[in-house]
$ cat model.txt   # compact mmCIF, C-alpha atoms
# COMPACT_ATOMS: atom_id res chain seq x y z
CA MET A 413 -108.63 103.76 -52.81
CA SER A 414 -109.36 107.47 -53.13
CA LEU A 415 -107.68 107.71 -56.53
CA LEU A 416 -109.77 104.78 -57.78
CA LYS A 417 -112.91 106.42 -56.42
CA VAL A 418 -112.09 109.72 -58.19
CA SER A 419 -111.43 107.90 -61.47
CA VAL A 420 -114.66 105.88 -61.33
CA LEU A 421 -116.75 108.91 -60.43
CA SER A 422 -115.21 111.00 -63.22
CA VAL A 423 -115.81 108.34 -65.87
CA SER A 424 -119.37 107.75 -64.60
CA GLY A 425 -120.13 111.45 -64.69
CA VAL A 426 -118.90 111.83 -68.27
CA CYS A 427 -120.84 108.72 -69.37
CA LEU A 428 -124.02 109.94 -67.72
CA TRP A 429 -123.55 113.33 -69.35
CA LEU A 430 -123.06 111.94 -72.84
CA ALA A 431 -125.42 108.94 -72.74
CA PRO A 432 -128.93 110.49 -72.66
CA PRO A 433 -129.05 111.90 -76.19
CA PHE A 434 -127.89 108.59 -77.69
CA VAL A 435 -129.50 106.01 -75.41
CA PHE A 436 -132.98 107.33 -74.79
CA SER A 437 -135.28 107.59 -77.72
CA ARG A 438 -138.03 110.12 -78.09
CA ARG A 439 -140.64 107.39 -77.95
CA ILE A 440 -140.00 106.66 -74.26
CA PRO A 441 -142.52 108.43 -72.08
CA LEU A 442 -140.91 110.91 -69.77
CA HIS A 443 -137.92 111.23 -72.10
CA ASN A 444 -137.01 114.65 -70.77
CA PHE A 445 -137.37 113.47 -67.17
CA MET A 446 -135.00 110.51 -67.76
CA GLN A 447 -132.56 112.75 -69.57
CA GLY A 448 -132.69 115.21 -66.68
CA ILE A 449 -132.07 112.45 -64.10
CA ALA A 450 -129.07 111.24 -66.13
CA LEU A 451 -127.66 114.77 -66.36
CA VAL A 452 -128.16 115.43 -62.64
CA SER A 453 -126.52 112.09 -61.83
CA GLY A 454 -123.60 113.00 -64.10
CA PHE A 455 -123.22 116.35 -62.31
CA ALA A 456 -123.40 114.62 -58.92
CA CYS A 457 -120.68 112.16 -59.93
CA CYS A 458 -118.47 114.96 -61.23
CA PHE A 459 -118.91 117.07 -58.10
CA GLU A 460 -118.22 114.07 -55.86
CA ALA A 461 -115.11 113.29 -57.92
CA ARG A 462 -113.96 116.90 -57.53
CA ARG A 463 -114.55 116.83 -53.77
CA SER A 464 -112.63 113.54 -53.43
CA ALA A 465 -109.82 114.84 -55.62
CA LEU A 466 -109.50 117.98 -53.47
CA LYS A 467 -109.44 115.88 -50.30
CA LEU A 468 -106.77 113.62 -51.84
CA ALA A 469 -104.74 116.66 -52.91
CA LYS A 470 -104.89 118.10 -49.38
CA ILE A 471 -103.75 114.78 -47.90
CA GLU A 472 -100.87 114.56 -50.39
CA GLU A 473 -99.94 118.18 -49.69
CA PHE A 474 -99.98 117.50 -45.95
CA GLU A 475 -97.80 114.40 -46.42
CA ALA A 476 -95.39 116.42 -48.57
CA LEU A 477 -95.20 119.15 -45.91
CA LYS A 478 -94.68 116.54 -43.20
CA GLN A 479 -91.85 114.91 -45.17
CA ALA A 480 -90.29 118.33 -45.85
CA ALA A 481 -90.41 119.10 -42.12
CA ILE A 482 -88.76 115.79 -41.27
CA ASP A 483 -86.06 116.36 -43.90
CA SER A 484 -85.50 119.88 -42.62
CA ASP A 485 -85.21 118.61 -39.05
CA VAL A 486 -82.64 115.99 -40.08
CA VAL A 487 -80.62 118.60 -41.97
CA HIS A 488 -80.79 120.92 -38.96
CA GLU A 489 -79.60 118.18 -36.59
CA ILE A 490 -76.69 117.31 -38.88
CA SER A 491 -75.66 120.93 -39.32
CA THR A 492 -75.88 121.53 -35.57
CA SER A 493 -73.72 118.48 -34.93
CA VAL A 494 -71.16 119.64 -37.49
CA TYR A 495 -71.12 123.14 -35.99
CA VAL A 496 -70.61 121.83 -32.45
CA SER A 497 -67.85 119.52 -33.66
CA GLU A 498 -66.09 122.35 -35.49
CA GLU A 499 -66.35 124.66 -32.48
CA THR A 500 -64.94 121.95 -30.20
CA ARG A 501 -62.00 121.38 -32.54
CA LYS A 502 -61.47 125.14 -32.78
CA ARG A 503 -61.38 125.49 -28.97
CA GLU A 504 -58.99 122.54 -28.68
CA ALA A 505 -56.69 124.06 -31.32
CA GLU A 506 -56.79 127.44 -29.58
CA ALA A 507 -55.97 125.76 -26.25
CA ILE A 508 -53.01 123.99 -27.82
CA LEU A 509 -51.78 127.22 -29.41
CA ALA A 510 -52.25 129.14 -26.17
CA ALA A 511 -50.45 126.52 -24.07
CA SER A 512 -46.75 126.88 -23.43
CA GLU A 513 -44.27 124.50 -25.04
CA GLU A 514 -43.65 122.76 -21.70
CA GLN A 515 -47.35 122.08 -21.16
CA VAL A 516 -47.78 120.70 -24.67
CA GLU A 517 -44.71 118.51 -24.25
CA ALA A 518 -45.86 117.28 -20.83
CA LYS A 519 -49.30 116.36 -22.18
CA ARG A 520 -47.75 114.66 -25.19
CA GLU A 521 -45.49 112.59 -22.94
CA ALA A 522 -48.41 111.69 -20.67
CA LEU A 523 -50.48 110.55 -23.62
CA GLU A 524 -47.53 108.66 -25.01
CA ALA A 525 -47.07 106.91 -21.68
CA ILE A 526 -50.73 105.95 -21.61
CA TYR A 527 -51.19 104.83 -25.21
CA THR A 528 -47.88 103.25 -26.11
CA ASN A 529 -46.09 100.32 -24.63
CA ASP A 530 -42.83 100.87 -26.48
CA LEU A 531 -40.87 101.14 -23.23
CA GLN A 532 -42.37 98.01 -21.68
CA PRO A 533 -40.26 95.37 -23.49
CA GLU A 534 -37.01 97.19 -22.65
CA ALA A 535 -38.00 97.73 -19.02
CA SER A 536 -39.39 94.25 -18.51
CA ALA A 537 -36.21 92.69 -19.87
CA THR A 538 -34.22 94.10 -16.98
CA ILE A 539 -36.74 94.11 -14.13
CA SER A 540 -39.05 91.63 -12.45
CA GLU A 541 -42.80 91.24 -13.07
CA SER A 542 -43.72 93.16 -9.90
CA ASP A 543 -41.45 96.01 -10.97
CA ALA A 544 -43.04 95.92 -14.43
CA SER A 545 -46.52 96.22 -12.92
CA ASP A 546 -45.21 99.02 -10.68
CA LEU A 547 -43.83 100.76 -13.76
CA GLN A 548 -47.15 100.41 -15.57
CA LEU A 549 -48.96 101.78 -12.52
CA TRP A 550 -46.43 104.62 -12.32
CA TRP A 551 -47.16 105.59 -15.94
CA LYS A 552 -50.84 105.90 -15.09
CA VAL A 553 -50.04 107.92 -11.95
CA GLU A 554 -47.69 110.21 -13.86
CA ALA A 555 -50.27 110.78 -16.59
CA ALA A 556 -52.89 111.65 -13.97
CA GLN A 557 -50.48 114.08 -12.30
CA VAL A 558 -49.78 115.78 -15.63
CA GLU A 559 -53.54 116.14 -16.13
CA GLY A 560 -53.69 117.87 -12.75
CA LYS A 561 -55.48 115.15 -10.78
CA THR A 562 -55.19 115.24 -6.99
CA ALA A 563 -53.46 112.61 -4.86
CA THR A 564 -56.86 111.58 -3.46
CA TRP A 565 -58.23 111.02 -6.97
CA ILE A 566 -55.14 108.99 -7.92
CA ILE A 567 -55.37 106.82 -4.80
CA GLU A 568 -59.10 106.15 -5.24
CA ASN A 569 -59.29 105.74 -9.03
CA ILE A 570 -55.91 104.43 -10.18
CA LEU A 571 -54.73 102.52 -7.13
CA GLY A 572 -58.28 101.46 -6.27
CA LYS A 573 -57.93 102.11 -2.54
CA LYS A 574 -61.08 103.65 -1.09
CA GLY A 575 -62.54 103.83 2.37
CA ARG A 576 -60.59 101.83 4.97
CA LYS A 577 -57.85 100.97 2.50
CA PHE A 578 -57.14 104.63 1.72
CA SER A 579 -54.10 104.76 4.04
CA GLU A 580 -52.64 101.70 2.24
CA GLY A 581 -53.13 103.52 -1.06
CA LYS A 582 -51.42 106.61 0.33
CA LYS A 583 -48.38 104.53 1.36
CA ARG A 584 -48.34 102.81 -2.05
CA LEU A 585 -48.42 106.17 -3.84
CA GLU A 586 -45.52 107.43 -1.71
CA GLU A 587 -43.55 104.26 -2.56
CA LEU A 588 -44.17 104.75 -6.27
CA LEU A 589 -43.18 108.40 -6.06
CA LYS A 590 -39.93 107.54 -4.25
CA LYS A 591 -39.12 104.65 -6.55
CA PHE A 592 -39.75 106.21 -9.96
CA SER A 593 -39.49 109.97 -9.54
CA THR A 594 -35.82 109.64 -8.53
CA GLU A 595 -35.03 107.05 -11.26
CA GLY A 596 -36.61 108.91 -14.15
CA GLY A 597 -35.88 112.46 -13.17
$ encode --input "model.txt" --output "structure tokens"
Amino acid sequence: MSLLKVSVLSVSGVCLWLAPPFVFSRRIPLHNFMQGIALVSGFACCFEARRSALKLAKIEEFEALKQAAIDSDVVHEISTSVYVSEETRKREAEAILAASEEQVEAKREALEAIYTNDLQPEASATISESDASDLQLWWKVEAAQVEGKTATWIIENILGKKGRKFSEGKKRLEELLKKFSTEGG
């Protein structure tokens, strides 16, 4: 709407500026007065068009600055995210390099026990379903032990025995330790 207003006012101002010498004849009384009114109206239209154009330019400039700020913020967020990700990977790599070979191997085996089920078909072919579930539970317990979790954490979170059933969980953990720590090691 503002651009239309600026255009109309500019054209009107130019027309009012150029029209008086050609439209008004010298025979009309008050010729100079009418010509003066037309010129003043032309100036008024031009000044109003200029004022509207400046206002429109300021609004467009503000919108451009606002968009630039939003774009800058998005770029900043992305670069911060990338930096944090790179630093995390760097710390993880340094931790792996600083760890001893036994620690790396123990963590690899724990992760392998958690994420792969390659041993399940072989084990389940020779043992019963309850022993298979015990073996699966043992893999979770062993992985938690490698991660450094306490017996209390294992009983509450892996075996699911909290509160009054905690003593049952403690007995179950001892059974699993007796059953599988002697077989595997």
$ residues_around --input "model.txt" --residues "region 413-427 of chain A" --least-positions-apart "2" --cutoff "10 Å" --atoms "only C-alpha atoms" --output "ChimeraX atom specification"
/A:429-432,450-468
$ residues_near_point --input "model.txt" --point "(-52.2, 108.8, -21.9)" --cutoff "10 Å" --atoms "all atoms listed in the file" --output "PyMOL selection string"
chain A and resi 519-528+551-552+554-556+558-559
$ atom_distance --input "model.txt" --atom1 "CA of Ala563 (chain A)" --atom2 "CA of Leu589 (chain A)"
11.2 Å
$ atom_distance --input "model.txt" --atom1 "CA of Glu568 (chain A)" --atom2 "CA of Gly581 (chain A)"
7.7 Å
$ atom_distance --input "model.txt" --atom1 "CA of Leu585 (chain A)" --atom2 "CA of Gln515 (chain A)"
23.5 Å
$ closest_residue --input "model.txt" --among "A:Glu498, A:Glu504, A:Glu587, A:Glu475" --to "Asp546 (chain A)" --atoms "all atoms listed in the file"
A:Glu587
$ closest_residue --input "model.txt" --among "A:Lys478, A:Lys470, A:Arg503, A:Lys591" --to "Leu549 (chain A)" --atoms "only C-alpha atoms"
A:Lys591
$ residues_around --input "model.txt" --residues "Thr564 (chain A)" --least-positions-apart "2" --cutoff "12 Å" --atoms "only C-alpha atoms" --output "short mmCIF file (atom, residue, chain, number, x, y, z; two decimals) with C-alpha atoms, in the frame of the given file"
data_model
loop_
_atom_site.label_atom_id
_atom_site.label_comp_id
_atom_site.auth_asym_id
_atom_site.auth_seq_id
_atom_site.Cartn_x
_atom_site.Cartn_y
_atom_site.Cartn_z
CA VAL A 553 -50.04 107.92 -11.95
CA ALA A 556 -52.89 111.65 -13.97
CA GLN A 557 -50.48 114.08 -12.30
CA GLY A 560 -53.69 117.87 -12.75
CA LYS A 561 -55.48 115.15 -10.78
CA THR A 562 -55.19 115.24 -6.99
CA ILE A 566 -55.14 108.99 -7.92
CA ILE A 567 -55.37 106.82 -4.80
CA GLU A 568 -59.10 106.15 -5.24
CA ASN A 569 -59.29 105.74 -9.03
CA ILE A 570 -55.91 104.43 -10.18
CA LEU A 571 -54.73 102.52 -7.13
CA GLY A 572 -58.28 101.46 -6.27
CA LYS A 573 -57.93 102.11 -2.54
CA LYS A 574 -61.08 103.65 -1.09
CA GLY A 575 -62.54 103.83 2.37
CA PHE A 578 -57.14 104.63 1.72
CA SER A 579 -54.10 104.76 4.04
CA GLY A 581 -53.13 103.52 -1.06
CA LYS A 582 -51.42 106.61 0.33
CA LEU A 585 -48.42 106.17 -3.84
#
$ decode --input "model.txt" --residues "region 474-498 of chain A" --atoms "N, CA and C atoms" --output "PDB file, in the first residue's frame"
ATOM      1  N   PHE A 474      14.734  -1.880   8.386  1.00  0.00           N
ATOM      2  CA  PHE A 474      14.523  -2.574   9.650  1.00  0.00           C
ATOM      3  C   PHE A 474      14.261  -4.062   9.424  1.00  0.00           C
ATOM      4  N   GLU A 475      13.419  -4.377   8.424  1.00  0.00           N
ATOM      5  CA  GLU A 475      13.126  -5.777   8.109  1.00  0.00           C
ATOM      6  C   GLU A 475      14.392  -6.503   7.657  1.00  0.00           C
ATOM      7  N   ALA A 476      15.219  -5.820   6.861  1.00  0.00           N
ATOM      8  CA  ALA A 476      16.473  -6.424   6.401  1.00  0.00           C
ATOM      9  C   ALA A 476      17.399  -6.686   7.586  1.00  0.00           C
ATOM     10  N   LEU A 477      17.491  -5.731   8.514  1.00  0.00           N
ATOM     11  CA  LEU A 477      18.321  -5.913   9.708  1.00  0.00           C
ATOM     12  C   LEU A 477      17.791  -7.050  10.581  1.00  0.00           C
ATOM     13  N   LYS A 478      16.465  -7.107  10.706  1.00  0.00           N
ATOM     14  CA  LYS A 478      15.854  -8.178  11.497  1.00  0.00           C
ATOM     15  C   LYS A 478      16.152  -9.540  10.881  1.00  0.00           C
ATOM     16  N   GLN A 479      16.027  -9.658   9.561  1.00  0.00           N
ATOM     17  CA  GLN A 479      16.320 -10.920   8.876  1.00  0.00           C
ATOM     18  C   GLN A 479      17.798 -11.277   9.004  1.00  0.00           C
ATOM     19  N   ALA A 480      18.671 -10.271   8.908  1.00  0.00           N
ATOM     20  CA  ALA A 480      20.104 -10.517   9.062  1.00  0.00           C
ATOM     21  C   ALA A 480      20.415 -11.011  10.472  1.00  0.00           C
ATOM     22  N   ALA A 481      19.742 -10.444  11.473  1.00  0.00           N
ATOM     23  CA  ALA A 481      19.948 -10.893  12.854  1.00  0.00           C
ATOM     24  C   ALA A 481      19.474 -12.333  13.044  1.00  0.00           C
ATOM     25  N   ILE A 482      18.342 -12.668  12.450  1.00  0.00           N
ATOM     26  CA  ILE A 482      17.836 -14.041  12.549  1.00  0.00           C
ATOM     27  C   ILE A 482      18.800 -15.000  11.863  1.00  0.00           C
ATOM     28  N   ASP A 483      19.259 -14.641  10.664  1.00  0.00           N
ATOM     29  CA  ASP A 483      20.211 -15.493   9.950  1.00  0.00           C
ATOM     30  C   ASP A 483      21.505 -15.656  10.747  1.00  0.00           C
ATOM     31  N   SER A 484      21.971 -14.574  11.318  1.00  0.00           N
ATOM     32  CA  SER A 484      23.189 -14.624  12.128  1.00  0.00           C
ATOM     33  C   SER A 484      23.003 -15.519  13.340  1.00  0.00           C
ATOM     34  N   ASP A 485      21.832 -15.428  13.971  1.00  0.00           N
ATOM     35  CA  ASP A 485      21.551 -16.269  15.135  1.00  0.00           C
ATOM     36  C   ASP A 485      21.526 -17.746  14.763  1.00  0.00           C
ATOM     37  N   VAL A 486      20.918 -18.058  13.623  1.00  0.00           N
ATOM     38  CA  VAL A 486      20.866 -19.452  13.166  1.00  0.00           C
ATOM     39  C   VAL A 486      22.276 -19.967  12.885  1.00  0.00           C
ATOM     40  N   VAL A 487      23.076 -19.156  12.205  1.00  0.00           N
ATOM     41  CA  VAL A 487      24.456 -19.556  11.914  1.00  0.00           C
ATOM     42  C   VAL A 487      25.236 -19.763  13.213  1.00  0.00           C
ATOM     43  N   HIS A 488      25.029 -18.875  14.182  1.00  0.00           N
ATOM     44  CA  HIS A 488      25.708 -19.003  15.469  1.00  0.00           C
ATOM     45  C   HIS A 488      25.307 -20.292  16.178  1.00  0.00           C
ATOM     46  N   GLU A 489      24.012 -20.600  16.187  1.00  0.00           N
ATOM     47  CA  GLU A 489      23.541 -21.832  16.831  1.00  0.00           C
ATOM     48  C   GLU A 489      24.143 -23.063  16.168  1.00  0.00           C
ATOM     49  N   ILE A 490      24.178 -23.069  14.840  1.00  0.00           N
ATOM     50  CA  ILE A 490      24.742 -24.211  14.121  1.00  0.00           C
ATOM     51  C   ILE A 490      26.231 -24.348  14.410  1.00  0.00           C
ATOM     52  N   SER A 491      26.953 -23.245  14.376  1.00  0.00           N
ATOM     53  CA  SER A 491      28.392 -23.314  14.632  1.00  0.00           C
ATOM     54  C   SER A 491      28.680 -23.729  16.068  1.00  0.00           C
ATOM     55  N   THR A 492      27.856 -23.272  17.017  1.00  0.00           N
ATOM     56  CA  THR A 492      28.035 -23.692  18.407  1.00  0.00           C
ATOM     57  C   THR A 492      27.783 -25.184  18.545  1.00  0.00           C
ATOM     58  N   SER A 493      26.753 -25.668  17.896  1.00  0.00           N
ATOM     59  CA  SER A 493      26.439 -27.096  17.935  1.00  0.00           C
ATOM     60  C   SER A 493      27.575 -27.925  17.344  1.00  0.00           C
ATOM     61  N   VAL A 494      28.110 -27.473  16.222  1.00  0.00           N
ATOM     62  CA  VAL A 494      29.225 -28.181  15.586  1.00  0.00           C
ATOM     63  C   VAL A 494      30.437 -28.169  16.503  1.00  0.00           C
ATOM     64  N   TYR A 495      30.720 -27.030  17.113  1.00  0.00           N
ATOM     65  CA  TYR A 495      31.875 -26.923  18.012  1.00  0.00           C
ATOM     66  C   TYR A 495      31.729 -27.871  19.198  1.00  0.00           C
ATOM     67  N   VAL A 496      30.554 -27.881  19.814  1.00  0.00           N
ATOM     68  CA  VAL A 496      30.327 -28.764  20.964  1.00  0.00           C
ATOM     69  C   VAL A 496      30.471 -30.223  20.544  1.00  0.00           C
ATOM     70  N   SER A 497      29.938 -30.561  19.392  1.00  0.00           N
ATOM     71  CA  SER A 497      30.033 -31.934  18.891  1.00  0.00           C
ATOM     72  C   SER A 497      31.496 -32.322  18.651  1.00  0.00           C
ATOM     73  N   GLU A 498      32.250 -31.433  18.037  1.00  0.00           N
ATOM     74  CA  GLU A 498      33.664 -31.716  17.787  1.00  0.00           C
ATOM     75  C   GLU A 498      34.444 -31.864  19.091  1.00  0.00           C
TER      76      GLU A 498
END
